[in-house]
file input_19.pdb (PDB, C-alpha atoms)
MODEL        1
ATOM      1  CA  MET V   1      30.438  -3.543   8.968
ATOM      2  CA  GLU V   2      29.503  -2.085  12.369
ATOM      3  CA  HIS V   3      30.366   1.411  11.121
ATOM      4  CA  LEU V   4      28.217   0.882   8.015
ATOM      5  CA  GLN V   5      25.314  -0.342  10.147
ATOM      6  CA  ALA V   6      25.634   2.664  12.440
ATOM      7  CA  THR V   7      25.630   5.017   9.438
ATOM      8  CA  LEU V   8      22.559   3.343   7.950
ATOM      9  CA  ASP V   9      20.806   3.544  11.344
ATOM     10  CA  GLN V  10      21.489   7.285  11.510
ATOM     11  CA  ILE V  11      20.175   7.837   7.990
ATOM     12  CA  SER V  12      17.076   5.740   8.741
ATOM     13  CA  ALA V  13      16.451   7.618  11.997
ATOM     14  CA  PHE V  14      16.579  10.947  10.154
ATOM     15  CA  VAL V  15      14.448   9.877   7.172
ATOM     16  CA  TRP V  16      11.781   8.252   9.378
ATOM     17  CA  GLY V  17      12.200  10.746  12.211
ATOM     18  CA  PRO V  18      10.134  13.717  13.373
ATOM     19  CA  PHE V  19      11.806  16.189  10.996
ATOM     20  CA  LEU V  20      11.377  14.681   7.535
ATOM     21  CA  LEU V  21       9.106  11.844   6.420
ATOM     22  CA  ILE V  22       6.587  11.793   9.273
ATOM     23  CA  PRO V  23       5.687  15.521   9.108
ATOM     24  CA  LEU V  24       5.909  15.355   5.298
ATOM     25  CA  LEU V  25       3.304  12.576   5.159
ATOM     26  CA  LEU V  26       1.001  14.266   7.668
ATOM     27  CA  LEU V  27       1.315  17.804   6.301
ATOM     28  CA  THR V  28       0.960  16.723   2.668
ATOM     29  CA  GLY V  29      -2.158  14.733   3.517
ATOM     30  CA  LEU V  30      -3.555  17.616   5.574
ATOM     31  CA  TYR V  31      -2.837  20.131   2.801
ATOM     32  CA  LEU V  32      -4.550  17.976   0.173
ATOM     33  CA  THR V  33      -7.474  17.288   2.513
ATOM     34  CA  VAL V  34      -8.054  21.034   2.899
ATOM     35  CA  ARG V  35      -7.562  21.809  -0.806
ATOM     36  CA  LEU V  36      -9.935  18.985  -1.808
ATOM     37  CA  GLY V  37     -12.541  19.999   0.770
ATOM     38  CA  GLY V  38     -12.331  16.749   2.733
ATOM     39  CA  LEU V  39     -13.097  14.759  -0.395
ATOM     40  CA  GLN V  40     -12.242  11.412   1.228
ATOM     41  CA  PHE V  41     -15.135  11.933   3.656
ATOM     42  CA  ARG V  42     -17.614  13.718   1.375
ATOM     43  CA  VAL V  43     -17.679  11.190  -1.470
ATOM     44  CA  LEU V  44     -16.689   7.993   0.315
ATOM     45  CA  GLY V  45     -20.154   6.490  -0.174
ATOM     46  CA  HIS V  46     -20.169   7.265  -3.899
ATOM     47  CA  ALA V  47     -16.639   5.873  -4.282
ATOM     48  CA  LEU V  48     -17.633   2.595  -2.618
ATOM     49  CA  TRP V  49     -20.739   2.437  -4.819
ATOM     50  CA  LEU V  50     -18.575   2.792  -7.935
ATOM     51  CA  ALA V  51     -16.151   0.134  -6.730
ATOM     52  CA  LEU V  52     -18.567  -2.434  -5.342
ATOM     53  CA  VAL V  53     -21.886  -1.896  -7.162
ATOM     54  CA  ARG V  54     -21.283  -0.265 -10.529
ATOM     55  CA  ARG V  55     -18.326  -2.308 -11.700
ATOM     56  CA  LYS V  56     -18.332  -1.279 -15.360
ATOM     57  CA  GLU V  57     -17.772   1.996 -17.151
ATOM     58  CA  ASN V  58     -18.255   3.239 -20.691
ATOM     59  CA  SER V  59     -15.578   2.422 -23.244
ATOM     60  CA  ALA V  60     -14.487   6.049 -23.545
ATOM     61  CA  CYS V  61     -12.863   6.054 -20.108
ATOM     62  CA  ALA V  62     -12.402   2.366 -19.396
ATOM     63  CA  GLY V  63      -9.036   1.003 -18.294
ATOM     64  CA  ASP V  64      -7.573  -2.481 -18.399
ATOM     65  CA  VAL V  65      -9.431  -3.589 -15.257
ATOM     66  CA  SER V  66     -12.802  -2.802 -13.663
ATOM     67  CA  HIS V  67     -13.437  -0.541 -10.666
ATOM     68  CA  TYR V  68     -13.782  -3.543  -8.408
ATOM     69  CA  GLN V  69     -10.654  -5.246  -9.709
ATOM     70  CA  ALA V  70      -8.667  -2.044  -9.180
ATOM     71  CA  LEU V  71      -9.957  -1.835  -5.607
ATOM     72  CA  ALA V  72      -9.171  -5.512  -4.968
ATOM     73  CA  THR V  73      -5.650  -5.101  -6.350
ATOM     74  CA  ALA V  74      -5.045  -2.093  -4.099
ATOM     75  CA  MET V  75      -6.463  -3.924  -1.076
ATOM     76  CA  ALA V  76      -4.246  -6.935  -1.794
ATOM     77  CA  ALA V  77      -1.201  -4.731  -1.301
ATOM     78  CA  THR V  78      -2.642  -3.003   1.780
ATOM     79  CA  ILE V  79      -3.999  -5.740   4.021
ATOM     80  CA  GLY V  80      -1.325  -8.086   5.293
ATOM     81  CA  VAL V  81       1.993  -8.147   7.077
ATOM     82  CA  GLY V  82       2.222  -4.369   7.420
ATOM     83  CA  ASN V  83      -1.105  -4.231   9.264
ATOM     84  CA  ILE V  84      -0.048  -7.012  11.632
ATOM     85  CA  ALA V  85       3.716  -7.194  12.163
ATOM     86  CA  GLY V  86       4.278  -3.544  11.242
ATOM     87  CA  VAL V  87       1.660  -2.187  13.626
ATOM     88  CA  ALA V  88       2.812  -4.541  16.400
ATOM     89  CA  THR V  89       6.395  -3.344  15.924
ATOM     90  CA  ALA V  90       5.337   0.307  16.020
ATOM     91  CA  ILE V  91       3.330  -0.198  19.218
ATOM     92  CA  GLY V  92       6.189  -2.185  20.737
ATOM     93  CA  ILE V  93       8.638   0.635  20.040
ATOM     94  CA  GLY V  94       6.454   3.716  20.527
ATOM     95  CA  GLY V  95       3.616   2.502  22.731
ATOM     96  CA  PRO V  96      -0.140   2.518  22.036
ATOM     97  CA  GLY V  97       0.085   6.205  21.093
ATOM     98  CA  ALA V  98       1.722   5.138  17.842
ATOM     99  CA  LEU V  99      -1.635   3.694  16.791
ATOM    100  CA  PHE V 100      -3.301   7.107  17.136
ATOM    101  CA  TRP V 101      -0.867   8.687  14.695
ATOM    102  CA  MET V 102      -1.386   5.800  12.288
ATOM    103  CA  TRP V 103      -5.090   6.621  12.338
ATOM    104  CA  MET V 104      -4.428  10.314  11.747
ATOM    105  CA  THR V 105      -1.960   9.639   8.944
ATOM    106  CA  GLY V 106      -4.430   7.212   7.377
ATOM    107  CA  LEU V 107      -7.328   9.688   7.486
ATOM    108  CA  VAL V 108      -5.456  12.535   5.791
ATOM    109  CA  GLY V 109      -3.452  10.067   3.695
ATOM    110  CA  MET V 110      -6.659   9.105   1.891
ATOM    111  CA  ALA V 111      -6.477  12.487   0.152
ATOM    112  CA  THR V 112      -2.874  11.795  -0.854
ATOM    113  CA  LYS V 113      -3.842   8.378  -2.193
ATOM    114  CA  TYR V 114      -6.723   9.887  -4.172
ATOM    115  CA  SER V 115      -4.390  12.478  -5.684
ATOM    116  CA  GLU V 116      -1.901   9.801  -6.676
ATOM    117  CA  GLY V 117      -4.642   7.771  -8.352
ATOM    118  CA  LEU V 118      -6.032  10.819 -10.152
ATOM    119  CA  LEU V 119      -2.625  11.786 -11.519
ATOM    120  CA  GLY V 120      -1.923   8.175 -12.463
ATOM    121  CA  VAL V 121      -5.073   8.065 -14.608
ATOM    122  CA  LYS V 122      -4.588  11.550 -16.056
ATOM    123  CA  TYR V 123      -1.057  10.860 -17.295
ATOM    124  CA  ARG V 124      -1.338   7.158 -18.168
ATOM    125  CA  GLN V 125      -0.322   6.000 -21.651
ATOM    126  CA  LEU V 126      -0.904   3.063 -23.942
ATOM    127  CA  ASP V 127       2.111   0.809 -24.318
ATOM    128  CA  ALA V 128       3.179  -1.230 -27.349
ATOM    129  CA  LYS V 129       0.737  -4.001 -26.389
ATOM    130  CA  GLY V 130      -2.176  -1.580 -26.235
ATOM    131  CA  GLU V 131      -2.382  -1.798 -22.433
ATOM    132  CA  GLN V 132      -2.491   1.121 -20.018
ATOM    133  CA  SER V 133       0.750   2.105 -18.261
ATOM    134  CA  GLY V 134       0.831   4.699 -15.526
ATOM    135  CA  GLY V 135       2.115   5.622 -12.121
ATOM    136  CA  PRO V 136       4.370   8.197 -10.470
ATOM    137  CA  MET V 137       7.142   7.763 -13.042
ATOM    138  CA  TYR V 138       4.690   8.850 -15.739
ATOM    139  CA  TYR V 139       3.035  11.785 -13.997
ATOM    140  CA  LEU V 140       6.365  13.081 -12.703
ATOM    141  CA  THR V 141       7.860  12.928 -16.190
ATOM    142  CA  ASN V 142       4.854  14.291 -18.083
ATOM    143  CA  GLY V 143       3.172  16.363 -15.373
ATOM    144  CA  ILE V 144       6.197  18.330 -14.195
ATOM    145  CA  GLY V 145       7.948  18.010 -17.527
ATOM    146  CA  GLY V 146      11.369  19.173 -18.530
ATOM    147  CA  PHE V 147      14.652  18.098 -16.985
ATOM    148  CA  TRP V 148      13.374  17.826 -13.418
ATOM    149  CA  GLY V 149      10.282  15.900 -14.396
ATOM    150  CA  LYS V 150      12.285  13.330 -16.332
ATOM    151  CA  THR V 151      14.937  13.098 -13.605
ATOM    152  CA  LEU V 152      12.354  12.539 -10.869
ATOM    153  CA  GLY V 153      10.469  10.016 -12.999
ATOM    154  CA  ILE V 154      13.613   7.969 -13.678
ATOM    155  CA  ALA V 155      14.659   8.211 -10.018
ATOM    156  CA  PHE V 156      11.268   6.972  -8.819
ATOM    157  CA  ALA V 157      11.311   4.035 -11.246
ATOM    158  CA  LEU V 158      14.862   3.100 -10.225
ATOM    159  CA  PHE V 159      14.370   3.356  -6.460
ATOM    160  CA  GLY V 160      10.933   1.774  -6.694
ATOM    161  CA  ALA V 161      12.402  -1.275  -8.440
ATOM    162  CA  ILE V 162      15.125  -1.566  -5.781
ATOM    163  CA  ALA V 163      12.659  -1.121  -2.917
ATOM    164  CA  ALA V 164      10.332  -3.763  -4.370
ATOM    165  CA  PHE V 165      12.862  -6.438  -3.413
ATOM    166  CA  GLY V 166      12.776  -5.278   0.193
ATOM    167  CA  ILE V 167       9.541  -3.637   1.336
ATOM    168  CA  GLY V 168       7.560  -5.076  -1.565
ATOM    169  CA  ASN V 169       8.297  -8.763  -1.208
ATOM    170  CA  MET V 170      11.124  -9.737   1.095
ATOM    171  CA  VAL V 171       9.600  -8.622   4.404
ATOM    172  CA  GLN V 172       6.215 -10.206   3.685
ATOM    173  CA  ALA V 173       7.650 -13.494   2.413
ATOM    174  CA  ASN V 174      10.124 -13.707   5.288
ATOM    175  CA  THR V 175       7.428 -13.031   7.908
ATOM    176  CA  ALA V 176       5.097 -15.653   6.418
ATOM    177  CA  ALA V 177       7.901 -18.214   6.141
ATOM    178  CA  ALA V 178       9.023 -17.566   9.722
ATOM    179  CA  GLN V 179       5.487 -18.070  11.050
ATOM    180  CA  LEU V 180       5.003 -21.280   9.059
ATOM    181  CA  GLU V 181       8.283 -22.627  10.419
ATOM    182  CA  ALA V 182       7.496 -21.639  14.016
ATOM    183  CA  THR V 183       3.918 -22.960  13.921
ATOM    184  CA  TRP V 184       4.081 -26.037  11.692
ATOM    185  CA  ASN V 185       7.851 -26.578  11.334
ATOM    186  CA  ILE V 186       7.717 -25.998   7.575
ATOM    187  CA  SER V 187      11.125 -25.221   6.116
ATOM    188  CA  PRO V 188      11.448 -21.650   4.760
ATOM    189  CA  THR V 189      12.974 -23.176   1.632
ATOM    190  CA  TRP V 190       9.756 -24.991   0.761
ATOM    191  CA  SER V 191       7.409 -22.172   1.756
ATOM    192  CA  GLY V 192       9.538 -19.686  -0.184
ATOM    193  CA  LEU V 193       9.520 -21.921  -3.254
ATOM    194  CA  VAL V 194       5.734 -22.316  -3.151
ATOM    195  CA  MET V 195       5.210 -18.567  -2.712
ATOM    196  CA  ALA V 196       7.582 -17.832  -5.601
ATOM    197  CA  ILE V 197       5.736 -20.237  -7.926
ATOM    198  CA  PHE V 198       2.294 -18.846  -7.087
ATOM    199  CA  ALA V 199       3.516 -15.232  -7.300
ATOM    200  CA  ALA V 200       5.111 -15.869 -10.692
ATOM    201  CA  ALA V 201       1.949 -17.555 -11.999
ATOM    202  CA  VAL V 202      -0.045 -14.421 -11.150
ATOM    203  CA  ILE V 203       2.436 -11.615 -11.859
ATOM    204  CA  LEU V 204       3.792 -12.880 -15.175
ATOM    205  CA  GLY V 205       0.267 -12.759 -16.603
ATOM    206  CA  GLY V 206       0.274  -8.963 -16.367
ATOM    207  CA  ILE V 207      -2.102  -6.533 -14.687
ATOM    208  CA  LYS V 208      -5.233  -8.317 -15.930
ATOM    209  CA  SER V 209      -4.080 -11.594 -14.389
ATOM    210  CA  ILE V 210      -3.212  -9.819 -11.134
ATOM    211  CA  ALA V 211      -6.594  -8.081 -11.067
ATOM    212  CA  ARG V 212      -8.535 -11.294 -11.700
ATOM    213  CA  PHE V 213      -6.662 -13.128  -8.955
ATOM    214  CA  ALA V 214      -7.068 -10.248  -6.506
ATOM    215  CA  ALA V 215     -10.789  -9.947  -7.240
ATOM    216  CA  SER V 216     -11.241 -13.625  -6.395
ATOM    217  CA  VAL V 217      -9.005 -13.919  -3.329
ATOM    218  CA  VAL V 218      -9.100 -10.492  -1.653
ATOM    219  CA  PRO V 219     -12.753 -10.684  -0.456
ATOM    220  CA  LEU V 220     -11.959 -13.899   1.444
ATOM    221  CA  MET V 221      -8.753 -12.364   2.749
ATOM    222  CA  CYS V 222     -10.636  -9.291   3.995
ATOM    223  CA  VAL V 223     -13.253 -11.406   5.771
ATOM    224  CA  LEU V 224     -10.615 -13.556   7.472
ATOM    225  CA  PHE V 225      -8.624 -10.447   8.393
ATOM    226  CA  ILE V 226     -11.639  -8.730   9.993
ATOM    227  CA  LEU V 227     -12.773 -11.885  11.816
ATOM    228  CA  SER V 228      -9.262 -12.447  13.165
ATOM    229  CA  ASN V 229      -9.146  -8.876  14.462
ATOM    230  CA  LEU V 230     -12.557  -9.178  16.077
ATOM    231  CA  LEU V 231     -11.461 -12.426  17.740
ATOM    232  CA  VAL V 232      -8.362 -10.761  19.194
ATOM    233  CA  LEU V 233     -10.437  -7.813  20.417
ATOM    234  CA  ALA V 234     -12.931 -10.187  22.048
ATOM    235  CA  VAL V 235     -10.213 -12.219  23.782
ATOM    236  CA  PHE V 236      -8.521  -9.091  25.168
ATOM    237  CA  ALA V 237     -11.653  -6.989  25.624
ATOM    238  CA  GLU V 238     -10.815  -6.096  29.235
ATOM    239  CA  ARG V 239      -7.617  -4.351  28.065
ATOM    240  CA  LEU V 240      -9.274  -2.097  25.478
ATOM    241  CA  PRO V 241     -10.048   0.820  27.876
ATOM    242  CA  ASP V 242      -6.406   0.977  28.980
ATOM    243  CA  ALA V 243      -5.200   0.885  25.375
ATOM    244  CA  LEU V 244      -7.523   3.743  24.388
TER
ENDMDL
END

call {"tool": "encode", "arguments": {"input": "input_19.pdb", "output": "structure tokens"}}
result
Amino acid sequence: MEHLQATLDQISAFVWGPFLLIPLLLLTGLYLTVRLGGLQFRVLGHALWLALVRRKENSACAGDVSHYQALATAMAATIGVGNIAGVATAIGIGGPGALFWMWMTGLVGMATKYSEGLLGVKYRQLDAKGEQSGGPMYYLTNGIGGFWGKTLGIAFALFGAIAAFGIGNMVQANTAAAQLEATWNISPTWSGLVMAIFAAAVILGGIKSIARFAASVVPLMCVLFILSNLLVLAVFAERLPDAL
């Protein structure tokens, strides 16, 4: 078991190290930022207007959810444990400088995210229920095409399903359960059961159910998230110059 753990640690160190994933994320984002002419900065205002003000589109290009619901669904998966526990872990391991590279990766990563969304819409398909289906498995299969396109599409779907049990749900649920137990002495069994029931009630309804729930809850979540951050910054205001 110790040998297996050591092997997994070596693989993780290489994948997340300075020679593979980190430069790949930064360089891909930088490349797309240049090729798109800094699109994430040029049209940010128009994008927010489409998402927050003009929430409907004509039937010729409409999807299963509105602009705003799509934004809320994306935000629901972005704001949370990763922004709190993940950032704290990174700073604890790498120091405050880690935060700078998160900012840089985020700025150029907006171009990567835009490209993913564009390809997802371009290569989406109607399923048997008449609902839109899309994502990397579709644009890899149909965009690249051929043997490699199909192989990469299947591989993404397979590994994505496996990863969903870990980075998609397990870490977040475990962190929330641990905090509830430490703060209010609530058993992880009960908190896990409640989270599973609520998650099932939303997810099993399909993308429209997820979008409706996200559109209702995410605004409150964002406000609480921002207020909590501002409170922490106010409490530790004297330490901000040193951190910067």

call {"tool": "resolve_selection", "arguments": {"input": "input_19.pdb", "expression": "the PyMOL selection byres ((chain V and resi 154) around 12)", "output": "MDAnalysis selection string"}}
result
chainID V and resid 135:142 147:153 155:161

call {"tool": "residues_around", "arguments": {"input": "input_19.pdb", "residues": "V:Gln172", "least_positions_apart": "5", "cutoff": "10 Å", "atoms": "only C-alpha atoms", "output": "list in words"}}
result
Gly80, Val81, Gly82, Ala85, Gly166, Ile167, Ala177 and Ala178 of chain V

call {"tool": "write_last_selection", "arguments": {"input": "input_19.pdb", "atoms": "C-alpha atoms", "output": "JSON list (two decimals), keeping the file's coordinate frame"}}
result
[["chain", "number", "residue", "atom", "x", "y", "z"],
["V", 80, "GLY", "CA", -1.32, -8.09, 5.29],
["V", 81, "VAL", "CA", 1.99, -8.15, 7.08],
["V", 82, "GLY", "CA", 2.22, -4.37, 7.42],
["V", 85, "ALA", "CA", 3.72, -7.19, 12.16],
["V", 166, "GLY", "CA", 12.78, -5.28, 0.19],
["V", 167, "ILE", "CA", 9.54, -3.64, 1.34],
["V", 177, "ALA", "CA", 7.90, -18.21, 6.14],
["V", 178, "ALA", "CA", 9.02, -17.57, 9.72]]

call {"tool": "resolve_selection", "arguments": {"input": "input_19.pdb", "expression": "the PyMOL selection byres ((chain V and resi 110-122) around 6)", "output": "PyMOL selection string"}}
result
chain V and resi 29+32-33+40+107-109+123-124+134-135

call {"tool": "residues_around", "arguments": {"input": "input_19.pdb", "residues": "V:Arg54", "least_positions_apart": "3", "cutoff": "12 Å", "atoms": "only C-alpha atoms", "output": "PyMOL selection string"}}
result
chain V and resi 46-51+57-58+66-69

call {"tool": "write_last_selection", "arguments": {"input": "input_19.pdb", "atoms": "C-alpha atoms", "output": "PDB file, in the coordinates of the input"}}
result
ATOM      1  CA  HIS V  46     -20.169   7.265  -3.899  1.00  0.00           C
ATOM      2  CA  ALA V  47     -16.639   5.873  -4.282  1.00  0.00           C
ATOM      3  CA  LEU V  48     -17.633   2.595  -2.618  1.00  0.00           C
ATOM      4  CA  TRP V  49     -20.739   2.437  -4.819  1.00  0.00           C
ATOM      5  CA  LEU V  50     -18.575   2.792  -7.935  1.00  0.00           C
ATOM      6  CA  ALA V  51     -16.151   0.134  -6.730  1.00  0.00           C
ATOM      7  CA  GLU V  57     -17.772   1.996 -17.151  1.00  0.00           C
ATOM      8  CA  ASN V  58     -18.255   3.239 -20.691  1.00  0.00           C
ATOM      9  CA  SER V  66     -12.802  -2.802 -13.663  1.00  0.00           C
ATOM     10  CA  HIS V  67     -13.437  -0.541 -10.666  1.00  0.00           C
ATOM     11  CA  TYR V  68     -13.782  -3.543  -8.408  1.00  0.00           C
ATOM     12  CA  GLN V  69     -10.654  -5.246  -9.709  1.00  0.00           C
TER      13      GLN V  69
END

call {"tool": "closest_residue", "arguments": {"input": "input_19.pdb", "among": "V:Thr183, V:Ser133, V:Asn229, V:Thr175", "to": "V:Gly206", "atoms": "only C-alpha atoms"}}
result
V:Ser133

call {"tool": "resolve_selection", "arguments": {"input": "input_19.pdb", "expression": "the PyMOL selection byres ((chain V and resi 218-225) around 10)", "output": "JSON, numbers by chain"}}
result
{"V": [69, 71, 72, 73, 74, 75, 76, 77, 79, 80, 83, 84, 213, 214, 215, 216, 217, 226, 227, 228, 229, 230, 231]}

call {"tool": "atom_distance", "arguments": {"input": "input_19.pdb", "atom1": "atom CA of V:Ala243", "atom2": "atom CA of V:Pro96"}}
result
6.3 Å

call {"tool": "atom_distance", "arguments": {"input": "input_19.pdb", "atom1": "atom CA of V:Gly145", "atom2": "atom CA of V:Leu36"}}
result
23.8 Å

call {"tool": "atom_distance", "arguments": {"input": "input_19.pdb", "atom1": "atom CA of V:Ile144", "atom2": "atom CA of V:Asp127"}}
result
20.6 Å

call {"tool": "axis_aligned_box", "arguments": {"input": "input_19.pdb", "around": "stretch 213-223 of chain V", "padding_each_side": "4 Å", "output": "JSON"}}
result
{"center_x": -10.0, "center_y": -11.6, "center_z": -1.6, "size_x": 14.6, "size_y": 12.6, "size_z": 22.7}

call {"tool": "closest_residue", "arguments": {"input": "input_19.pdb", "among": "V:Leu4, V:Ile22, V:Arg239, V:Val53", "to": "V:Met102", "atoms": "all atoms listed in the file"}}
result
V:Ile22

call {"tool": "residues_around", "arguments": {"input": "input_19.pdb", "residues": "V:Val202", "least_positions_apart": "3", "cutoff": "12 Å", "atoms": "only C-alpha atoms", "output": "PyMOL selection string"}}
result
chain V and resi 73+195-199+205-214+217
